[in-house]
There are 2 protein chains.
Amino acid sequence: MTEVTDPLDQQVWNFVYAYDAAYGRAAQAVGLSAAQACLLEHLTGGGRSMGELAVELLCDASNVTQLVSRLEARGLVARVPDPADRRVKRVSITAAGHRVSHAVRRAFDFPSERLGRLTEHERRQLSELLAKALAPG
Amino acid sequence: MTEVTDPLDQQVWNFVYAYDAAYGRAAQAVGLSAAQACLLEHLTGGGRSMGELAVELLCDASNVTQLVSRLEARGLVARVPDPADRRVKRVSITAAGHRVSHAVRRAFDFPSERLGRLTEHERRQLSELLAKALAPG
DNA sequence: CACCGATACCTGAGTGAGTCAAGTAATCTC
DNA sequence: GAGATTACTTGACTCACTCAGGTATCGGTG
């Protein structure tokens, strides 16, 4: 009959909802979709092949092709053929891409606005709880 | 130069990522998109008008029109004209819709698999931390 | 070396989500 | 009762995403 939702489950849902919405707004503020911003952010740690990106983003390789094509058209990433294996294209972020990616991070106010309300002790608590929940296995 | 991401921020990102992915899989398992499952879940608490749904789902009214149309075509929701104001359509979930919505909840293993690892004390801790982070203002 | 299977990526077709602008019908206001 | 407002729909469009099928390259086997 009535919904028997655990209050914690509802809170987590709201938290995730707010997080996603905030990220979407941050991306949109610099003219990107959330998926594009996400891909760009994955590249800030160094170049990736198309295939590696597909694995990391949990999506089809052809989807990566299109995302990268749109970002490349804006000069935010570059496709560099791998000299060792001419089948693979390595995707690297450009200087403009770095600027845009940093702009997204700056516009993404959720961590500072929301997580920033917690004290250092509380942040450590939260970190431990999340680690326990997310631990593999 | 190097990315100076706070470890907690990274954990929260991973948490949200895992949550979203799990919800998407649960919806897909019963043949729905995440957006459709989400709309259906909003209706389990009672009927809503199209406009109310648009506000709650943070999206355009015309998007709601399409989502509801697809769900209606599957017999999961029904559009009922409001007798008091013949402009508004109230959307109510059907018996089949309830069954599907419950199936999504059952397939959505994140709360039980992940949050279920926490002790009752830890769950209360997490609840308080999230409440503080999400508090309005 | 020639062949064959596997791999990495791309293309094309199709669906769904989402937005915006414009349209229709019903209500509200004076 | 005329005109503005509201609630929803429609049409056109972009993007994300998937799948099937195509091309080029690599790797191993004879």
# chains A, B, ... in the order shown; residues from 1 in each chain; ligands from 1
>>> interface_residues(of="chain D", to="chain B", cutoff="9 Å", atoms="only C-alpha atoms (C1' of nucleotides)", output="mmCIF file with C-alpha atoms (C1' of nucleotides), in the first residue's frame")
data_model
loop_
_atom_site.group_PDB
_atom_site.id
_atom_site.type_symbol
_atom_site.label_atom_id
_atom_site.label_comp_id
_atom_site.auth_asym_id
_atom_site.auth_seq_id
_atom_site.Cartn_x
_atom_site.Cartn_y
_atom_site.Cartn_z
ATOM 1 C "C1'" DT D 6 -2.471 29.233 -17.569
ATOM 2 C "C1'" DA D 7 -1.977 24.158 -18.855
ATOM 3 C "C1'" DC D 8 -0.866 21.338 -21.970
ATOM 4 C "C1'" DT D 9 0.460 19.802 -26.782
ATOM 5 C "C1'" DT D 10 2.946 19.910 -31.171
#
>>> closest_atom_pairs(of="chain A", to="chain B", cutoff="7 Å", atoms="only C-alpha atoms", output="tab-separated table")
residue	atom	partner	partner_atom	distance
A:Leu8	CA	B:Ser127	CA	5.7
A:Asp9	CA	B:Pro111	CA	6.5
A:Gln11	CA	B:Leu130	CA	6.9
A:Phe15	CA	B:Leu134	CA	7.0
A:Val16	CA	B:Val16	CA	5.7
A:Pro111	CA	B:Asp9	CA	6.5
A:Arg114	CA	B:Ala133	CA	4.7
A:Leu115	CA	B:Ala133	CA	5.8
A:Arg117	CA	B:Ala133	CA	6.1
A:Leu118	CA	B:Ala133	CA	6.9
A:Leu126	CA	B:Leu126	CA	6.8
A:Ser127	CA	B:Leu8	CA	5.8
A:Leu130	CA	B:Gln11	CA	6.9
A:Ala133	CA	B:Arg114	CA	4.8
A:Leu134	CA	B:Arg114	CA	6.5
>>> closest_residue(among="C:DA13, C:DC1, C:DC20, C:DA8", to="chain B", atoms="only C-alpha atoms (C1' of nucleotides)")
C:DC20
>>> interface_residues(of="chain C", to="chain A", cutoff="9 Å", atoms="only C-alpha atoms (C1' of nucleotides)", output="MDAnalysis selection string")
chainID C and resid 7:10
>>> write_last_selection(atoms="N, CA and C atoms (P, O5', C5', C4', C3', O3' and C1' of nucleotides)", output="PDB file, in the first residue's frame")
ATOM      1  P    DT C   7      40.297  -9.590 -29.667  1.00  0.00           P
ATOM      2  O5'  DT C   7      40.762  -8.131 -30.106  1.00  0.00           O
ATOM      3  C5'  DT C   7      42.140  -7.909 -30.378  1.00  0.00           C
ATOM      4  C4'  DT C   7      42.332  -6.514 -30.920  1.00  0.00           C
ATOM      5  C3'  DT C   7      41.468  -5.453 -30.228  1.00  0.00           C
ATOM      6  O3'  DT C   7      42.308  -4.387 -29.841  1.00  0.00           O
ATOM      7  C1'  DT C   7      41.244  -5.299 -32.576  1.00  0.00           C
ATOM      8  P    DA C   8      41.809  -3.163 -29.015  1.00  0.00           P
ATOM      9  O5'  DA C   8      41.596  -2.058 -30.150  1.00  0.00           O
ATOM     10  C5'  DA C   8      42.733  -1.450 -30.756  1.00  0.00           C
ATOM     11  C4'  DA C   8      42.285  -0.244 -31.550  1.00  0.00           C
ATOM     12  C3'  DA C   8      41.277   0.639 -30.809  1.00  0.00           C
ATOM     13  O3'  DA C   8      41.622   2.002 -30.985  1.00  0.00           O
ATOM     14  C1'  DA C   8      40.341  -0.117 -32.857  1.00  0.00           C
ATOM     15  P    DC C   9      40.795   3.115 -30.176  1.00  0.00           P
ATOM     16  O5'  DC C   9      39.879   3.737 -31.311  1.00  0.00           O
ATOM     17  C5'  DC C   9      40.508   4.194 -32.505  1.00  0.00           C
ATOM     18  C4'  DC C   9      39.534   4.157 -33.655  1.00  0.00           C
ATOM     19  C3'  DC C   9      38.327   5.074 -33.527  1.00  0.00           C
ATOM     20  O3'  DC C   9      38.568   6.265 -34.272  1.00  0.00           O
ATOM     21  C1'  DC C   9      37.833   2.998 -34.620  1.00  0.00           C
ATOM     22  P    DC C  10      37.454   7.372 -34.396  1.00  0.00           P
ATOM     23  O5'  DC C  10      36.555   6.860 -35.615  1.00  0.00           O
ATOM     24  C5'  DC C  10      37.167   6.660 -36.891  1.00  0.00           C
ATOM     25  C4'  DC C  10      36.111   6.325 -37.925  1.00  0.00           C
ATOM     26  C3'  DC C  10      34.919   7.282 -37.950  1.00  0.00           C
ATOM     27  O3'  DC C  10      34.683   7.671 -39.295  1.00  0.00           O
ATOM     28  C1'  DC C  10      34.172   5.036 -37.714  1.00  0.00           C
TER      29       DC C  10
END
>>> select_by_dssp(residues="stretch 50-97 of chain B", states="strand (DSSP E or B)", output="list of chain:residue names")
B:Val77, B:Ala78, B:Arg79, B:Val80, B:Pro81, B:Lys89, B:Arg90, B:Val91, B:Ser92, B:Ile93
>>> atom_distance(atom1="atom C1' of C:DG16", atom2="atom CA of B:Ser33")
8.1 Å
>>> residues_around(residues="A:Ala27", least_positions_apart="3", cutoff="8 Å", atoms="only C-alpha atoms (C1' of nucleotides)", output="PyMOL selection string")
chain A and resi 23-24+30-34+37+104+107-108
>>> write_last_selection(atoms="C-alpha atoms", output="PDB file, in the first residue's frame")
ATOM      1  CA  TYR A  23      27.132  19.288 -12.269  1.00  0.00           C
ATOM      2  CA  GLY A  24      24.765  19.712 -15.192  1.00  0.00           C
ATOM      3  CA  VAL A  30      30.433  26.901 -20.038  1.00  0.00           C
ATOM      4  CA  GLY A  31      28.420  25.567 -22.974  1.00  0.00           C
ATOM      5  CA  LEU A  32      29.030  21.856 -22.497  1.00  0.00           C
ATOM      6  CA  SER A  33      26.771  18.916 -21.806  1.00  0.00           C
ATOM      7  CA  ALA A  34      27.423  16.900 -18.672  1.00  0.00           C
ATOM      8  CA  ALA A  37      32.420  17.905 -19.334  1.00  0.00           C
ATOM      9  CA  VAL A 104      33.524  23.697 -15.104  1.00  0.00           C
ATOM     10  CA  ALA A 107      31.334  26.587 -11.639  1.00  0.00           C
ATOM     11  CA  PHE A 108      30.625  23.269  -9.930  1.00  0.00           C
TER      12      PHE A 108
END
>>> residues_around(residues="D:DC13", least_positions_apart="2", cutoff="10 Å", atoms="only C-alpha atoms (C1' of nucleotides)", output="list in words")
DT19 and DC20 of chain C; DG11 and DC15 of chain D
>>> atom_distance(atom1="atom CA of B:Ala96", atom2="atom C1' of C:DG18")
26.5 Å
>>> closest_residue(among="A:Gly97, A:Asn63, A:Val77, A:Ser92", to="C:DT11", atoms="only C-alpha atoms (C1' of nucleotides)")
A:Asn63
>>> atom_distance(atom1="atom CA of A:Gly47", atom2="atom CA of A:Arg106")
22.1 Å
>>> select_by_dssp(residues="chain A", states="helix (DSSP H, G or I)", output="NGL selection string")
:A and (7-29 or 34-43 or 50-56 or 61-73 or 95-107 or 110-113 or 115-117 or 120-134)
